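**Student:** Structure file target.cif, mmCIF, C-alpha atoms, is pasted below:
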```
data_model
#
loop_
_atom_site.label_atom_id
_atom_site.label_comp_id
_atom_site.auth_asym_id
_atom_site.auth_seq_id
_atom_site.Cartn_x
_atom_site.Cartn_y
_atom_site.Cartn_z
CA MET A 1 0.00 0.00 0.00
CA ILE A 2 2.90 2.37 0.62
CA LYS A 3 4.11 1.74 -2.92
CA HIS A 4 0.72 2.68 -4.26
CA LEU A 5 0.70 6.10 -2.53
CA GLN A 6 4.16 7.02 -3.78
CA ASN A 7 3.30 6.29 -7.39
CA GLU A 8 0.57 8.89 -7.97
CA ASP A 9 0.57 10.62 -11.41
CA GLY A 10 -1.14 13.93 -10.47
CA ILE A 11 0.06 17.54 -10.78
CA THR A 12 1.81 19.03 -7.80
CA LEU A 13 0.98 22.46 -6.43
CA ILE A 14 4.41 23.79 -7.48
CA GLU A 15 3.89 22.64 -11.08
CA LEU A 16 0.48 24.31 -11.13
CA LEU A 17 1.89 27.60 -9.75
CA ALA A 18 4.78 27.57 -12.24
CA THR A 19 2.33 27.05 -15.12
CA LEU A 20 0.11 29.91 -13.93
CA ALA A 21 3.13 32.20 -13.58
CA ILE A 22 4.30 31.45 -17.12
CA LEU A 23 0.79 31.92 -18.55
CA SER A 24 0.35 35.24 -16.73
CA ILE A 25 3.67 36.54 -18.11
CA ILE A 26 2.72 35.50 -21.65
CA GLY A 27 -0.75 37.03 -21.21
CA SER A 28 0.61 40.37 -19.98
CA LEU A 29 3.06 40.53 -22.91
CA LEU A 30 0.29 39.84 -25.41
CA TYR A 31 -1.94 42.44 -23.76
CA GLY A 32 0.85 45.05 -24.06
CA VAL A 33 1.36 44.24 -27.74
CA LEU A 34 -2.38 44.50 -28.36
CA LEU A 35 -2.62 47.90 -26.65
CA ASN A 36 0.38 49.23 -28.60
CA GLY A 37 -1.20 47.99 -31.83
CA ILE A 38 -4.48 49.74 -31.07
CA ASP A 39 -2.65 52.97 -30.15
CA TYR A 40 -0.58 52.85 -33.35
CA SER A 41 -3.73 52.21 -35.38
CA LYS A 42 -5.43 55.31 -33.90
CA LYS A 43 -2.40 57.50 -34.62
CA SER A 44 -2.16 56.17 -38.17
CA LYS A 45 -5.86 56.80 -38.76
CA ALA A 46 -5.51 60.40 -37.50
CA THR A 47 -2.51 61.02 -39.79
CA VAL A 48 -4.36 59.63 -42.81
CA SER A 49 -7.37 61.85 -42.01
CA LEU A 50 -5.11 64.93 -41.88
CA GLN A 51 -3.52 63.96 -45.19
CA GLN A 52 -6.91 63.50 -46.83
CA GLU A 53 -8.09 66.86 -45.52
CA MET A 54 -4.95 68.50 -46.93
CA ASN A 55 -5.49 66.81 -50.31
CA ILE A 56 -9.05 68.15 -50.47
CA ILE A 57 -7.91 71.70 -49.69
CA ILE A 58 -4.99 71.73 -52.13
CA THR A 59 -7.09 70.14 -54.90
CA ASN A 60 -9.88 72.71 -54.52
CA ILE A 61 -7.49 75.65 -54.43
CA ASN A 62 -5.69 74.28 -57.49
CA LYS A 63 -8.95 73.85 -59.44
CA VAL A 64 -10.06 77.40 -58.65
CA HIS A 65 -6.60 78.81 -59.42
CA GLU A 66 -6.55 77.13 -62.85
CA SER A 67 -10.18 77.93 -63.72
CA TYR A 68 -10.73 81.56 -62.73
CA GLY A 69 -8.95 84.90 -63.05
CA SER A 70 -9.07 85.91 -59.40
CA TYR A 71 -10.44 84.75 -56.10
CA ASN A 72 -10.19 85.44 -52.39
CA ILE A 73 -9.06 83.07 -49.68
CA VAL A 74 -11.05 83.95 -46.55
CA VAL A 75 -10.19 82.68 -43.08
CA ASN A 76 -11.96 83.68 -39.88
CA ARG A 77 -8.60 84.13 -38.14
CA ASN A 78 -5.04 83.15 -38.87
CA PRO A 79 -3.27 81.16 -37.52
CA ASP A 80 -5.60 78.51 -36.07
CA ALA A 81 -8.55 79.31 -38.31
CA SER A 82 -11.62 77.13 -38.04
CA LYS A 83 -13.09 78.25 -41.36
CA ILE A 84 -11.60 78.56 -44.86
CA GLN A 85 -13.57 79.75 -47.88
CA LEU A 86 -12.71 80.45 -51.49
CA LEU A 87 -14.69 83.32 -52.99
CA VAL A 88 -14.51 83.18 -56.79
CA LYS A 89 -14.97 86.51 -58.59
CA ASP A 90 -15.88 87.41 -62.14
CA SER A 91 -14.18 90.15 -64.16
CA THR A 92 -16.25 92.86 -62.43
CA GLY A 93 -15.24 91.66 -58.94
CA THR A 94 -18.63 90.14 -58.11
CA VAL A 95 -18.53 86.90 -56.13
CA ILE A 96 -19.97 84.16 -58.34
CA ARG A 97 -19.09 81.09 -56.30
CA THR A 98 -18.29 80.28 -52.67
CA ILE A 99 -16.41 77.10 -51.78
CA GLU A 100 -16.22 75.97 -48.16
CA LEU A 101 -12.97 74.09 -47.43
CA SER A 102 -12.95 73.73 -43.67
CA ASN A 103 -13.87 70.88 -41.37
CA THR A 104 -14.98 71.50 -37.78
CA ASP A 105 -12.53 68.86 -36.47
CA TYR A 106 -9.43 70.80 -37.58
CA GLU A 107 -7.68 74.16 -37.23
CA TYR A 108 -5.86 75.70 -40.18
CA SER A 109 -2.93 78.06 -40.55
CA LEU A 110 -2.13 79.58 -43.95
CA PHE A 111 1.10 81.35 -44.85
CA ASP A 112 2.67 82.99 -47.87
CA TYR A 113 6.25 81.70 -47.92
CA HIS A 114 7.34 83.58 -51.05
CA GLY A 115 10.62 85.25 -50.19
CA THR A 116 12.71 84.69 -47.10
CA THR A 117 9.99 84.74 -44.45
CA GLU A 118 6.60 83.17 -43.91
CA VAL A 119 3.83 85.75 -43.74
CA PRO A 120 0.43 84.70 -42.36
CA PHE A 121 -2.45 85.24 -44.74
CA LEU A 122 -4.79 88.09 -43.90
CA ASN A 123 -8.40 87.30 -43.06
CA THR A 124 -9.15 88.00 -46.72
CA THR A 125 -6.34 87.43 -49.19
CA SER A 126 -6.86 88.32 -52.85
CA VAL A 127 -5.21 85.98 -55.32
CA ASN A 128 -4.46 86.89 -58.90
CA THR A 129 -4.11 83.67 -60.88
CA SER A 130 -1.66 85.16 -63.37
CA GLU A 131 1.01 84.78 -60.67
CA PRO A 132 1.93 81.64 -58.73
CA LEU A 133 0.54 81.21 -55.23
CA TYR A 134 3.20 80.27 -52.67
CA LEU A 135 1.22 78.50 -50.00
CA LYS A 136 2.07 76.81 -46.72
CA ILE A 137 -0.82 75.14 -44.90
CA ILE A 138 -0.70 73.61 -41.44
CA ILE A 139 -3.62 71.49 -40.27
CA LYS A 140 -4.00 70.65 -36.58
CA ASP A 141 -6.45 68.14 -35.11
CA LYS A 142 -8.57 69.88 -32.44
CA LYS A 143 -9.06 66.66 -30.44
CA ASN A 144 -5.36 65.86 -30.44
CA PRO A 145 -3.28 69.06 -30.95
CA SER A 146 -0.03 67.09 -31.24
CA GLN A 147 -1.33 65.66 -34.55
CA THR A 148 -0.42 68.17 -37.26
CA TYR A 149 0.23 68.00 -40.98
CA GLU A 150 2.10 70.62 -43.00
CA VAL A 151 2.46 71.20 -46.74
CA LYS A 152 4.39 73.81 -48.69
CA THR A 153 3.36 74.10 -52.31
CA ILE A 154 3.35 76.43 -55.28
CA ILE A 155 0.10 76.62 -57.19
CA SER A 156 0.36 78.10 -60.66
CA ARG A 157 -1.63 78.24 -63.80
CA LEU A 158 -0.50 76.07 -66.67
#
```
Would you write the structure of this file as structure tokens?
**Tutor:**
Amino acid sequence: MIKHLQNEDGITLIELLATLAILSIIGSLLYGVLLNGIDYSKKSKATVSLQQEMNIIITNINKVHESYGSYNIVVNRNPDASKIQLLVKDSTGTVIRTIELSNTDYEYSLFDYHGTTEVPFLNTTSVNTSEPLYLKIIIKDKKNPSQTYEVKTIISRL
């Protein structure tokens, strides 16, 4: 009978504790990797949204610049404007079209970088399309101000 008690094939308490310790370490590492992946995904999504917003703005300004003789870029304040509009004028100076470019989730800063310094755009900046437009735009996410996107470009008529 003593032989029978010594020959048990069960799991000891120490083996069970060692297994739980190893599983908890692996679980905490996987949890950390998952959280980092989610955080990276959110940052990447925010960056892509800023890039898409910038593409929309540059594309619209470029279309207006190539299609009309003059227009105004209107911002409610600069820097950190919450509203950008393009006011297209005819030859008499009458506004014939208004294009809204802003999104309530972002703040915009517009600069003329022609020359050696960057000059902020006025609240209303007149643009003559016979000359190139030297434009620097900075977009900042209102929810996460550390997320910004900046583009310097020259828009000219072909």
**Student:** Quick one: residues within 8 Å of stretch 72-78 of chain A, all atoms listed in the file counted, chain neighbours fewer than 3 positions away excluded, as an MDAnalysis selection string?
**Tutor:** chainID A and resid 81:89 108:110 120:127
**Student:** Can you list, as number ranges by chain, the residues that the PyMOL selection byres ((chain A and resi 132) around 7) selects here?
**Tutor:** A: 129-131, 133-134, 154-156
**Student:** Could you list, as an MDAnalysis selection string, every residue matched by the PyMOL selection byres ((chain A and resi 101) around 7) in this structure?
**Tutor:** chainID A and resid 57 84:85 99:100 102:103
**Student:** Dump C-alpha atoms for the selected residues as an mmCIF file, keeping the file's coordinate frame?
**Tutor:**
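The resulting out-v7.cif:
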```cif
data_model
loop_
_atom_site.group_PDB
_atom_site.id
_atom_site.type_symbol
_atom_site.label_atom_id
_atom_site.label_comp_id
_atom_site.auth_asym_id
_atom_site.auth_seq_id
_atom_site.Cartn_x
_atom_site.Cartn_y
_atom_site.Cartn_z
ATOM 1 C CA ILE A 57 -7.910 71.700 -49.690
ATOM 2 C CA ILE A 84 -11.600 78.560 -44.860
ATOM 3 C CA GLN A 85 -13.570 79.750 -47.880
ATOM 4 C CA ILE A 99 -16.410 77.100 -51.780
ATOM 5 C CA GLU A 100 -16.220 75.970 -48.160
ATOM 6 C CA SER A 102 -12.950 73.730 -43.670
ATOM 7 C CA ASN A 103 -13.870 70.880 -41.370
#
```
**Student:** For a test of reading the model, state the distance in Å between atom CA of A:Lys143 and atom CA of A:Ile38, rounded to one decimal.
**Tutor:**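 If I compute the distance from atom CA of A:Lys143 to atom CA of A:Ile38, I get 17.5 Å.
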**Student:** In Å, with one decimal, what is the gap from atom CA of A:Asp112 to atom CA of A:Thr153?
**Tutor:**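 These two atoms are separated by 10.0 Å.
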**Student:** Hey, what comes out of the PyMOL selection byres ((chain A and resi 44-49) around 9) on this file? Could you write it as a PDB file with C-alpha atoms, in the frame of the given file?
**Tutor:**
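Okay, selection_13.pdb is ready:
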```pdb
ATOM      1  CA  ASP A  39      -2.650  52.970 -30.150  1.00  0.00           C
ATOM      2  CA  TYR A  40      -0.580  52.850 -33.350  1.00  0.00           C
ATOM      3  CA  SER A  41      -3.730  52.210 -35.380  1.00  0.00           C
ATOM      4  CA  LYS A  42      -5.430  55.310 -33.900  1.00  0.00           C
ATOM      5  CA  LYS A  43      -2.400  57.500 -34.620  1.00  0.00           C
ATOM      6  CA  LEU A  50      -5.110  64.930 -41.880  1.00  0.00           C
ATOM      7  CA  GLN A  51      -3.520  63.960 -45.190  1.00  0.00           C
ATOM      8  CA  GLN A  52      -6.910  63.500 -46.830  1.00  0.00           C
ATOM      9  CA  GLU A  53      -8.090  66.860 -45.520  1.00  0.00           C
ATOM     10  CA  MET A  54      -4.950  68.500 -46.930  1.00  0.00           C
ATOM     11  CA  ASP A 141      -6.450  68.140 -35.110  1.00  0.00           C
ATOM     12  CA  ASN A 144      -5.360  65.860 -30.440  1.00  0.00           C
ATOM     13  CA  GLN A 147      -1.330  65.660 -34.550  1.00  0.00           C
ATOM     14  CA  THR A 148      -0.420  68.170 -37.260  1.00  0.00           C
ATOM     15  CA  TYR A 149       0.230  68.000 -40.980  1.00  0.00           C
TER      16      TYR A 149
END
```
**Student:** Measure the distance from atom CA of A:Thr94 to atom CA of A:Glu107 in Å and round it to one decimal.
**Tutor:** 28.5 Å
**Student:** Check the smallest atom-to-atom distance from each of A:Asn36, A:Thr98, A:Thr104, A:Thr116 to A:Lys142 using all atoms listed in the file, then report the winner.
**Tutor:**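 Using all atoms listed in the file, the shortest distance to A:Lys142 belongs to A:Thr104.
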**Student:** Around all the atoms of stretch 130-146 of chain A listed in the file, draw an axis-aligned box and extend it by 8 Å on each of the six sides; I want its centre and edge lengths in Å to one decimal, as JSON.
**Tutor:**
```
{"center_x": -2.9, "center_y": 75.5, "center_z": -46.9, "size_x": 28.3, "size_y": 35.3, "size_z": 48.9}
```
**Student:** Quick one: of A:Thr12, A:Asn128, A:Ser70, A:Thr19, who's nearest to A:Val95, counting only C-alpha atoms?
**Tutor:** A:Ser70
**Student:** Taking all atoms listed in the file into account, name the residue in A:Ser146, A:Ile25, A:Lys136, A:Thr59 that is nearest to A:Tyr113.
**Tutor:** A:Lys136
**Student:** Only N, CA and C atoms needed: put stretch 33-49 of chain A from the block into a file as a CSV table (one decimal), in the first residue's frame.
**Tutor:**
```csv
chain,number,residue,atom,x,y,z
A,33,VAL,N,1.2,44.2,-26.3
A,33,VAL,CA,1.4,44.2,-27.7
A,33,VAL,C,0.0,44.7,-28.4
A,34,LEU,N,-1.1,44.1,-27.8
A,34,LEU,CA,-2.4,44.5,-28.4
A,34,LEU,C,-2.7,46.0,-28.1
A,35,LEU,N,-2.4,46.5,-26.9
A,35,LEU,CA,-2.6,47.9,-26.6
A,35,LEU,C,-1.8,48.8,-27.5
A,36,ASN,N,-0.5,48.4,-27.7
A,36,ASN,CA,0.4,49.2,-28.6
A,36,ASN,C,-0.1,49.2,-30.0
A,37,GLY,N,-0.6,48.1,-30.5
A,37,GLY,CA,-1.2,48.0,-31.8
A,37,GLY,C,-2.4,48.9,-32.0
A,38,ILE,N,-3.3,48.9,-31.0
A,38,ILE,CA,-4.5,49.7,-31.1
A,38,ILE,C,-4.1,51.2,-31.1
A,39,ASP,N,-3.1,51.6,-30.2
A,39,ASP,CA,-2.7,53.0,-30.2
A,39,ASP,C,-2.0,53.4,-31.5
A,40,TYR,N,-1.2,52.5,-32.1
A,40,TYR,CA,-0.6,52.9,-33.3
A,40,TYR,C,-1.6,53.0,-34.4
A,41,SER,N,-2.7,52.1,-34.4
A,41,SER,CA,-3.7,52.2,-35.4
A,41,SER,C,-4.5,53.5,-35.3
A,42,LYS,N,-4.7,54.0,-34.1
A,42,LYS,CA,-5.4,55.3,-33.9
A,42,LYS,C,-4.6,56.5,-34.4
A,43,LYS,N,-3.3,56.4,-34.1
A,43,LYS,CA,-2.4,57.5,-34.6
A,43,LYS,C,-2.3,57.5,-36.1
A,44,SER,N,-2.2,56.3,-36.7
A,44,SER,CA,-2.2,56.2,-38.2
A,44,SER,C,-3.4,56.7,-38.8
A,45,LYS,N,-4.6,56.3,-38.2
A,45,LYS,CA,-5.9,56.8,-38.8
A,45,LYS,C,-6.0,58.3,-38.7
A,46,ALA,N,-5.5,58.9,-37.6
A,46,ALA,CA,-5.5,60.4,-37.5
A,46,ALA,C,-4.6,61.0,-38.5
A,47,THR,N,-3.4,60.5,-38.8
A,47,THR,CA,-2.5,61.0,-39.8
A,47,THR,C,-3.1,60.9,-41.2
A,48,VAL,N,-3.7,59.8,-41.5
A,48,VAL,CA,-4.4,59.6,-42.8
A,48,VAL,C,-5.5,60.6,-43.0
A,49,SER,N,-6.3,60.9,-41.9
A,49,SER,CA,-7.4,61.9,-42.0
A,49,SER,C,-6.8,63.3,-42.3
```
